[in-house]
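Containing mmCIF, C-alpha atoms: data-v3.cif.
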data_entry
#
loop_
_atom_site.label_atom_id
_atom_site.label_comp_id
_atom_site.auth_asym_id
_atom_site.auth_seq_id
_atom_site.Cartn_x
_atom_site.Cartn_y
_atom_site.Cartn_z
CA MET A 1 137.41 118.09 108.28
CA LYS A 2 137.29 121.86 107.62
CA ASN A 3 137.03 123.30 104.13
CA LEU A 4 137.11 126.60 102.27
CA LEU A 5 134.28 125.78 99.92
CA LYS A 6 132.01 128.59 101.10
CA THR A 7 134.75 131.20 100.66
CA LEU A 8 135.72 129.89 97.21
CA ARG A 9 132.10 129.82 96.14
CA ALA A 10 131.58 133.38 97.35
CA GLU A 11 134.64 134.54 95.39
CA GLN A 12 133.01 133.22 92.23
CA ASP A 13 129.69 134.82 93.25
CA TRP A 14 127.93 131.48 92.89
CA SER A 15 124.93 130.39 94.90
CA GLN A 16 124.89 126.92 96.45
CA ALA A 17 122.51 125.89 93.67
CA ASP A 18 124.98 127.16 91.02
CA LEU A 19 127.83 125.16 92.55
CA ALA A 20 125.62 122.10 92.95
CA GLU A 21 124.68 122.28 89.27
CA ARG A 22 128.35 122.54 88.27
CA LEU A 23 129.30 119.57 90.44
CA GLY A 24 126.28 117.46 89.47
CA VAL A 25 125.10 117.08 93.07
CA SER A 26 122.14 118.40 95.04
CA ARG A 27 122.14 121.78 96.80
CA GLN A 28 121.76 119.91 100.09
CA THR A 29 125.07 118.15 99.43
CA VAL A 30 126.88 121.45 98.84
CA ASN A 31 125.35 122.87 102.03
CA ALA A 32 126.29 119.75 104.06
CA ILE A 33 129.91 119.96 102.82
CA GLU A 34 130.14 123.70 103.54
CA THR A 35 128.81 123.30 107.07
CA GLY A 36 131.15 120.37 107.73
CA LYS A 37 128.33 117.89 108.26
CA TYR A 38 129.45 115.74 105.36
CA ASP A 39 132.90 114.95 103.99
CA PRO A 40 132.80 114.38 100.23
CA SER A 41 134.13 111.25 98.55
CA LEU A 42 137.56 111.44 96.91
CA PRO A 43 136.11 111.69 93.36
CA LEU A 44 133.86 114.58 94.42
CA ALA A 45 136.74 116.27 96.26
CA PHE A 46 138.82 116.02 93.06
CA LYS A 47 135.92 117.47 91.08
CA ILE A 48 135.66 120.40 93.51
CA ALA A 49 139.43 120.98 93.38
CA LYS A 50 139.42 120.92 89.56
CA LEU A 51 136.49 123.33 89.40
CA PHE A 52 138.31 125.90 91.54
CA GLY A 53 141.74 125.19 89.99
CA LYS A 54 143.28 124.19 93.31
CA LYS A 55 144.72 121.10 95.02
CA ILE A 56 142.46 119.10 97.33
CA GLU A 57 144.61 119.93 100.36
CA GLU A 58 144.24 123.65 99.61
CA ILE A 59 140.46 123.32 100.01
CA PHE A 60 140.04 120.56 102.61
CA LEU A 61 141.98 120.84 105.84
CA PRO A 62 142.29 118.33 108.69
CA GLU A 63 140.84 119.64 111.99
CA MET B 64 126.74 121.42 83.52
CA LYS B 65 123.03 122.08 83.21
CA LYS B 66 122.65 118.73 81.44
CA ILE B 67 123.37 116.80 84.66
CA GLY B 68 120.52 118.47 86.50
CA ILE B 69 118.14 118.08 83.58
CA ALA B 70 119.05 114.39 83.16
CA PHE B 71 118.49 113.75 86.87
CA ARG B 72 115.18 115.62 86.83
CA GLY B 73 114.13 113.40 83.90
CA ILE B 74 115.00 110.25 85.86
CA ALA B 75 113.31 111.64 88.98
CA PHE B 76 110.16 112.40 86.98
CA ARG B 77 110.08 108.94 85.37
CA SER B 78 110.71 107.23 88.72
CA THR B 79 108.03 109.27 90.48
CA LEU B 80 105.62 108.47 87.67
CA GLY B 81 106.57 104.80 87.98
CA VAL B 82 105.84 104.88 91.72
CA LEU B 83 102.45 106.56 91.20
CA VAL B 84 101.42 104.19 88.39
CA GLY B 85 102.60 101.24 90.50
CA LEU B 86 100.58 102.38 93.53
CA VAL B 87 97.42 102.89 91.45
CA ALA B 88 97.93 99.44 89.88
CA TYR B 89 98.51 97.96 93.36
CA PHE B 90 95.15 99.22 94.67
CA PHE B 91 93.47 98.07 91.45
CA PHE B 92 94.98 94.56 91.74
CA LEU B 93 94.08 94.44 95.43
CA ALA B 94 90.44 95.50 94.94
CA LYS B 95 89.90 93.49 91.76
CA GLY B 96 91.62 90.46 93.29
CA ALA B 97 89.49 90.59 96.43
CA TRP B 98 86.36 90.80 94.27
CA LEU B 99 87.45 87.92 91.99
CA LEU B 100 88.42 85.71 94.93
CA LEU B 101 84.79 85.69 96.11
CA ASP B 102 83.93 83.29 93.28
CA ILE B 103 87.13 81.24 93.09
CA PRO B 104 87.81 78.21 95.29
CA ILE B 105 90.48 78.81 97.94
CA GLY B 106 93.68 76.91 97.17
CA SER B 107 93.12 76.66 93.41
CA ALA B 108 96.00 77.73 91.13
CA MET B 109 93.94 80.68 89.83
CA GLY B 110 93.10 81.72 93.40
CA ILE B 111 96.78 81.70 94.38
CA LEU B 112 97.74 83.73 91.30
CA ILE B 113 95.05 86.33 91.96
CA ALA B 114 95.91 86.51 95.67
CA ILE B 115 99.58 87.28 95.01
CA SER B 116 98.94 89.53 91.98
CA PRO B 117 99.42 92.79 94.03
CA VAL B 118 103.10 91.76 94.34
CA ILE B 119 103.64 92.71 90.67
CA PRO B 120 102.88 96.46 91.02
CA VAL B 121 104.74 96.56 94.35
CA ALA B 122 107.82 95.11 92.62
CA PHE B 123 107.35 97.78 89.92
CA VAL B 124 107.27 100.51 92.58
CA LEU B 125 110.43 99.16 94.25
CA ARG B 126 112.19 99.01 90.86
CA SER B 127 111.35 102.68 90.22
CA VAL B 128 112.65 103.64 93.67
CA MET B 129 115.89 101.68 93.09
CA GLN B 130 116.37 103.41 89.71
CA LEU B 131 115.99 106.77 91.40
CA LEU B 132 118.47 105.84 94.14
CA GLN B 133 121.08 104.78 91.59
CA HIS B 134 121.01 108.25 90.05
CA THR B 135 121.03 110.37 93.20
CA ASP B 136 124.25 111.95 94.43
CA GLU B 137 126.53 110.50 97.10
CA LEU B 138 124.97 112.31 100.08
CA GLN B 139 121.46 111.23 99.07
CA GLN B 140 122.72 107.65 98.67
CA ARG B 141 124.26 107.83 102.12
CA ILE B 142 120.99 109.15 103.57
CA GLN B 143 119.10 106.31 101.87
CA LEU B 144 121.60 103.72 103.11
CA LEU B 145 121.13 104.95 106.67
CA ALA B 146 117.34 105.10 106.25
CA ILE B 147 117.13 101.57 104.82
CA GLY B 148 119.43 100.30 107.57
CA PHE B 149 117.26 102.02 110.19
CA SER B 150 114.14 100.54 108.61
CA ALA B 151 115.56 96.99 108.48
CA VAL B 152 116.91 97.02 112.05
CA THR B 153 113.79 98.66 113.54
CA THR B 154 111.44 96.30 111.68
CA GLY B 155 113.48 93.35 112.96
CA LEU B 156 113.41 94.69 116.52
CA LEU B 157 109.67 95.47 116.49
CA THR B 158 108.67 92.10 115.00
CA PHE B 159 111.01 90.30 117.40
CA ALA B 160 109.43 92.11 120.35
CA TYR B 161 105.95 91.33 119.04
CA GLY B 162 106.99 87.68 118.51
CA LEU B 163 107.75 87.52 122.24
CA LEU B 164 104.33 89.05 123.00
CA GLU B 165 102.73 86.32 120.88
CA ASN B 166 103.93 83.90 123.59
CA LEU B 167 101.57 85.76 125.95
CA GLY B 168 98.65 85.14 123.61
CA TYR B 169 98.75 88.20 121.36
CA PRO B 170 97.34 87.46 117.88
CA PRO B 171 99.94 86.36 115.31
CA LEU B 172 101.38 89.14 113.13
CA HIS B 173 100.28 88.90 109.52
CA SER B 174 103.41 88.78 107.33
CA ALA B 175 101.73 91.09 104.75
CA PHE B 176 102.20 93.93 107.28
CA LEU B 177 105.99 93.63 107.15
CA LEU B 178 106.57 95.45 103.84
CA PRO B 179 104.28 98.42 104.71
CA LEU B 180 105.99 98.63 108.12
CA MET B 181 109.42 98.67 106.46
CA VAL B 182 108.30 101.34 103.98
CA ILE B 183 106.86 103.55 106.75
CA LEU B 184 110.09 103.23 108.76
CA TRP B 185 112.12 103.90 105.60
CA VAL B 186 110.21 107.18 105.09
CA VAL B 187 110.68 108.09 108.78
CA GLY B 188 114.41 107.29 108.48
CA THR B 189 114.75 109.33 105.29
CA LEU B 190 113.10 112.38 106.88
CA TYR B 191 115.28 112.06 110.00
CA PHE B 192 118.60 111.63 108.19
CA LYS B 193 117.73 114.37 105.66
CA TRP B 194 117.10 116.67 108.62
CA ARG B 195 120.43 115.66 110.20
CA TYR B 196 122.36 116.69 107.08
CA LYS B 197 120.46 119.96 106.63
#
Could you quickly redo this structure as structure tokens?
Amino acid sequence: MKNLLKTLRAEQDWSQADLAERLGVSRQTVNAIETGKYDPSLPLAFKIAKLFGKKIEEIFLPE
Amino acid sequence: MKKIGIAFRGIAFRSTLGVLVGLVAYFFFLAKGAWLLLDIPIGSAMGILIAISPVIPVAFVLRSVMQLLQHTDELQQRIQLLAIGFSAVTTGLLTFAYGLLENLGYPPLHSAFLLPLMVILWVVGTLYFKWRYK
């Protein structure tokens, strides 16, 4: 699954650590999601979508 | 938002402290037990209690680790699940293979080695799966 997390994070001028803090996860988790190595759970995906004010499908795209 | 990180760091600190205290207590129980067992008849109730006393701090260490795991995020829990699975399967495979070698006359494997073996493989698994998700 592809995602736009890195772009959205950059738009907010947040570091991975900043985003991790806001989501309540580790920086490694943010990095793994951004690089496509890990697909987040549905609750975390909802949390990410809410944080950026978007729908899940606007952030996460099927490959 | 900051509160989440601070709360987790608090749990991580307490759990790490619990592990360290447990390990120190384990070596104390082990050394003290070995010394006490010199004067106690083998097979007596007191001897059995002293011999298995190191189990208490080990259980304390495992409890601290489990507490930490419950409070880590979903990726860390996934990494731990994979590492524990790797540890369990590899320990089973290694002991099974060694069990077959025992048929050739190799000395029997002491069951007290199983937990340290599992812990070592758990650490190896954790490092490997952490690296895979880097």
**Message:** Based on all atoms listed in the file, which of the residues in chain A come within 10 Å of chain B? I want them as JSON, numbers by chain.
**Reply:** {"A": [18, 19, 20, 21, 22, 23, 24, 25, 26, 28, 29, 30, 31, 32, 33, 35, 36, 37, 38, 39, 40, 41, 44]}
Mind writing the picked residues with C-alpha atoms as a CSV table (one decimal), in the coordinates of the input?
chain,number,residue,atom,x,y,z
A,18,ASP,CA,125.0,127.2,91.0
A,19,LEU,CA,127.8,125.2,92.6
A,20,ALA,CA,125.6,122.1,93.0
A,21,GLU,CA,124.7,122.3,89.3
A,22,ARG,CA,128.4,122.5,88.3
A,23,LEU,CA,129.3,119.6,90.4
A,24,GLY,CA,126.3,117.5,89.5
A,25,VAL,CA,125.1,117.1,93.1
A,26,SER,CA,122.1,118.4,95.0
A,28,GLN,CA,121.8,119.9,100.1
A,29,THR,CA,125.1,118.2,99.4
A,30,VAL,CA,126.9,121.4,98.8
A,31,ASN,CA,125.4,122.9,102.0
A,32,ALA,CA,126.3,119.8,104.1
A,33,ILE,CA,129.9,120.0,102.8
A,35,THR,CA,128.8,123.3,107.1
A,36,GLY,CA,131.2,120.4,107.7
A,37,LYS,CA,128.3,117.9,108.3
A,38,TYR,CA,129.4,115.7,105.4
A,39,ASP,CA,132.9,115.0,104.0
A,40,PRO,CA,132.8,114.4,100.2
A,41,SER,CA,134.1,111.2,98.6
A,44,LEU,CA,133.9,114.6,94.4
**Request:** Take the point (105.3, 91.3, 109.9) in the file's coordinates, draw a sphere of radius 12 Å around it, and report as an NGL selection string every protein, DNA or RNA residue with an atom inside or on it, counting all atoms listed in the file.
**Result:** :B and (151 or 153-162 or 170-181)
I'd like to see the residues matched by the PyMOL selection byres ((chain A and resi 6) around 9) on this file, and ideally I'd get them as a tab-separated table (two decimals) with C-alpha atoms, in the frame of the given file.
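Below is the file that was written, out_36.tsv:
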chain	number	residue	atom	x	y	z
A	3	ASN	CA	137.03	123.30	104.13
A	4	LEU	CA	137.11	126.60	102.27
A	5	LEU	CA	134.28	125.78	99.92
A	7	THR	CA	134.75	131.20	100.66
A	8	LEU	CA	135.72	129.89	97.21
A	9	ARG	CA	132.10	129.82	96.14
A	10	ALA	CA	131.58	133.38	97.35
A	11	GLU	CA	134.64	134.54	95.39
A	16	GLN	CA	124.89	126.92	96.45
A	31	ASN	CA	125.35	122.87	102.03
A	34	GLU	CA	130.14	123.70	103.54
A	35	THR	CA	128.81	123.30	107.07
As JSON, please report the centre and edge lengths, rounded to one decimal in Å, of the axis-aligned box that holds all listed atoms of region 93-108 of chain B with 3 Å of padding on each of the six sides.
{"center_x": 90.0, "center_y": 86.1, "center_z": 94.5, "size_x": 18.1, "size_y": 24.8, "size_z": 12.8}
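In this model, the gap between CA of Phe192 (chain B) and CA of Phe76 (chain B) comes to 22.8 Å.
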**Request:** Identify all residues satisfying the PyMOL selection byres ((chain B and resi 115) around 12) in the given file; provide them as a ChimeraX atom specification.
**Result:** /B:89,92-93,95-97,100,108-114,116-122,175
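Interatomic distance, CA of Phe123 (chain B) against CA of Thr189 (chain B): 20.6 Å.
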**Asked** CA of Met1 (chain A) and CA of Gly148 (chain B), how far apart in Å?
**Response** 25.3 Å
**Prompt:** Can you list, as a ChimeraX atom specification, the residues that the PyMOL selection byres ((chain A and resi 59) around 9) selects here?
**Reply:** /A:2-5,8,45,48-49,54-58,60-61
**Request:** Using only C-alpha atoms, determine which residues lie at most 6 Å from Trp185 (chain B), disregarding the query and same-chain residues fewer than 2 positions distant; provide the list as a ChimeraX atom specification.
**Result:** /B:146-147,150,181-183,187-188
**Request:** Would you list the contacts of Leu83 (chain B) as a list of chain:residue names, taking every protein, DNA or RNA residue within 9 Å and counting only C-alpha atoms, but skipping same-chain residues closer than 5 positions in sequence?
**Result:**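 Near neighbours after the sequence-gap exclusion: B:Ser78, B:Ala88, B:Val124.
Among the candidates B:Gly73, B:Ala94, B:Val87, B:Gly81, the residue lying nearest to Val128 (chain B) is B:Gly81 (atoms considered: all atoms listed in the file).
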From the structure just shown, export region 80-120 of chain B with N, CA and C atoms as an mmCIF file, in the first residue's frame.
data_model
loop_
_atom_site.group_PDB
_atom_site.id
_atom_site.type_symbol
_atom_site.label_atom_id
_atom_site.label_comp_id
_atom_site.auth_asym_id
_atom_site.auth_seq_id
_atom_site.Cartn_x
_atom_site.Cartn_y
_atom_site.Cartn_z
ATOM 1 N N LEU B 80 13.751 -0.762 35.013
ATOM 2 C CA LEU B 80 14.197 -0.867 36.409
ATOM 3 C C LEU B 80 13.795 -2.233 36.985
ATOM 4 N N GLY B 81 12.566 -2.650 36.666
ATOM 5 C CA GLY B 81 12.075 -3.949 37.129
ATOM 6 C C GLY B 81 12.942 -5.085 36.616
ATOM 7 N N VAL B 82 13.347 -4.992 35.344
ATOM 8 C CA VAL B 82 14.204 -6.029 34.749
ATOM 9 C C VAL B 82 15.564 -6.059 35.462
ATOM 10 N N LEU B 83 16.142 -4.869 35.678
ATOM 11 C CA LEU B 83 17.467 -4.804 36.319
ATOM 12 C C LEU B 83 17.415 -5.327 37.758
ATOM 13 N N VAL B 84 16.396 -4.894 38.509
ATOM 14 C CA VAL B 84 16.253 -5.361 39.893
ATOM 15 C C VAL B 84 16.053 -6.877 39.903
ATOM 16 N N GLY B 85 15.220 -7.352 38.966
ATOM 17 C CA GLY B 85 14.950 -8.796 38.877
ATOM 18 C C GLY B 85 16.213 -9.590 38.580
ATOM 19 N N LEU B 86 17.050 -9.063 37.665
ATOM 20 C CA LEU B 86 18.282 -9.777 37.299
ATOM 21 C C LEU B 86 19.269 -9.813 38.468
ATOM 22 N N VAL B 87 19.380 -8.687 39.177
ATOM 23 C CA VAL B 87 20.267 -8.643 40.354
ATOM 24 C C VAL B 87 19.760 -9.639 41.398
ATOM 25 N N ALA B 88 18.429 -9.632 41.623
ATOM 26 C CA ALA B 88 17.844 -10.559 42.598
ATOM 27 C C ALA B 88 18.063 -12.011 42.159
ATOM 28 N N TYR B 89 17.973 -12.253 40.842
ATOM 29 C CA TYR B 89 18.175 -13.612 40.319
ATOM 30 C C TYR B 89 19.572 -14.123 40.679
ATOM 31 N N PHE B 90 20.592 -13.298 40.402
ATOM 32 C CA PHE B 90 21.964 -13.735 40.696
ATOM 33 C C PHE B 90 22.177 -13.889 42.204
ATOM 34 N N PHE B 91 21.515 -13.018 42.990
ATOM 35 C CA PHE B 91 21.610 -13.139 44.441
ATOM 36 C C PHE B 91 21.002 -14.469 44.906
ATOM 37 N N PHE B 92 19.769 -14.754 44.422
ATOM 38 C CA PHE B 92 19.085 -16.002 44.810
ATOM 39 C C PHE B 92 19.908 -17.216 44.370
ATOM 40 N N LEU B 93 20.489 -17.113 43.183
ATOM 41 C CA LEU B 93 21.257 -18.240 42.635
ATOM 42 C C LEU B 93 22.494 -18.507 43.493
ATOM 43 N N ALA B 94 23.250 -17.434 43.782
ATOM 44 C CA ALA B 94 24.484 -17.578 44.564
ATOM 45 C C ALA B 94 24.185 -17.980 46.006
ATOM 46 N N LYS B 95 23.221 -17.282 46.607
ATOM 47 C CA LYS B 95 22.871 -17.566 48.000
ATOM 48 C C LYS B 95 22.295 -18.981 48.121
ATOM 49 N N GLY B 96 21.458 -19.348 47.126
ATOM 50 C CA GLY B 96 20.849 -20.684 47.142
ATOM 51 C C GLY B 96 21.899 -21.769 47.047
ATOM 52 N N ALA B 97 22.862 -21.579 46.125
ATOM 53 C CA ALA B 97 23.920 -22.576 45.952
ATOM 54 C C ALA B 97 24.727 -22.734 47.240
ATOM 55 N N TRP B 98 24.957 -21.609 47.919
ATOM 56 C CA TRP B 98 25.726 -21.635 49.169
ATOM 57 C C TRP B 98 24.929 -22.337 50.273
ATOM 58 N N LEU B 99 23.617 -22.018 50.360
ATOM 59 C CA LEU B 99 22.771 -22.620 51.396
ATOM 60 C C LEU B 99 22.580 -24.118 51.178
ATOM 61 N N LEU B 100 22.535 -24.510 49.895
ATOM 62 C CA LEU B 100 22.270 -25.927 49.584
ATOM 63 C C LEU B 100 23.410 -26.846 50.006
ATOM 64 N N LEU B 101 24.580 -26.242 50.274
ATOM 65 C CA LEU B 101 25.726 -27.065 50.715
ATOM 66 C C LEU B 101 25.429 -27.750 52.047
ATOM 67 N N ASP B 102 24.610 -27.093 52.884
ATOM 68 C CA ASP B 102 24.354 -27.622 54.229
ATOM 69 C C ASP B 102 22.969 -28.246 54.382
ATOM 70 N N ILE B 103 22.196 -28.276 53.311
ATOM 71 C CA ILE B 103 20.823 -28.786 53.429
ATOM 72 C C ILE B 103 20.709 -30.110 52.688
ATOM 73 N N PRO B 104 20.041 -31.105 53.314
ATOM 74 C CA PRO B 104 19.933 -32.404 52.657
ATOM 75 C C PRO B 104 19.153 -32.323 51.334
ATOM 76 N N ILE B 105 19.685 -33.000 50.317
ATOM 77 C CA ILE B 105 19.029 -33.003 48.998
ATOM 78 C C ILE B 105 17.674 -33.705 49.118
ATOM 79 N N GLY B 106 16.653 -33.115 48.559
ATOM 80 C CA GLY B 106 15.324 -33.728 48.576
ATOM 81 C C GLY B 106 14.442 -33.226 49.701
ATOM 82 N N SER B 107 15.007 -32.493 50.665
ATOM 83 C CA SER B 107 14.176 -31.950 51.744
ATOM 84 C C SER B 107 13.334 -30.800 51.190
ATOM 85 N N ALA B 108 12.216 -30.508 51.885
ATOM 86 C CA ALA B 108 11.321 -29.438 51.415
ATOM 87 C C ALA B 108 12.065 -28.108 51.329
ATOM 88 N N MET B 109 12.906 -27.815 52.323
ATOM 89 C CA MET B 109 13.670 -26.564 52.325
ATOM 90 C C MET B 109 14.638 -26.529 51.133
ATOM 91 N N GLY B 110 15.264 -27.678 50.870
ATOM 92 C CA GLY B 110 16.202 -27.765 49.746
ATOM 93 C C GLY B 110 15.512 -27.488 48.421
ATOM 94 N N ILE B 111 14.308 -28.044 48.266
ATOM 95 C CA ILE B 111 13.548 -27.831 47.018
ATOM 96 C C ILE B 111 13.178 -26.356 46.879
ATOM 97 N N LEU B 112 12.717 -25.766 47.979
ATOM 98 C CA LEU B 112 12.329 -24.345 47.939
ATOM 99 C C LEU B 112 13.509 -23.452 47.567
ATOM 100 N N ILE B 113 14.660 -23.735 48.185
ATOM 101 C CA ILE B 113 15.849 -22.917 47.891
ATOM 102 C C ILE B 113 16.300 -23.123 46.440
ATOM 103 N N ALA B 114 16.237 -24.381 45.987
ATOM 104 C CA ALA B 114 16.697 -24.680 44.622
ATOM 105 C C ALA B 114 15.865 -23.959 43.566
ATOM 106 N N ILE B 115 14.546 -23.848 43.817
ATOM 107 C CA ILE B 115 13.706 -23.197 42.787
ATOM 108 C C ILE B 115 13.485 -21.708 43.065
ATOM 109 N N SER B 116 14.112 -21.186 44.116
ATOM 110 C CA SER B 116 13.909 -19.764 44.466
ATOM 111 C C SER B 116 14.299 -18.782 43.346
ATOM 112 N N PRO B 117 15.316 -19.078 42.488
ATOM 113 C CA PRO B 117 15.627 -18.128 41.396
ATOM 114 C C PRO B 117 14.472 -17.923 40.415
ATOM 115 N N VAL B 118 13.464 -18.815 40.466
ATOM 116 C CA VAL B 118 12.310 -18.663 39.565
ATOM 117 C C VAL B 118 11.553 -17.368 39.888
ATOM 118 N N ILE B 119 11.544 -16.985 41.170
ATOM 119 C CA ILE B 119 10.772 -15.794 41.584
ATOM 120 C C ILE B 119 11.275 -14.528 40.881
ATOM 121 N N PRO B 120 12.588 -14.188 40.973
ATOM 122 C CA PRO B 120 13.028 -12.992 40.244
ATOM 123 C C PRO B 120 12.894 -13.102 38.736
#
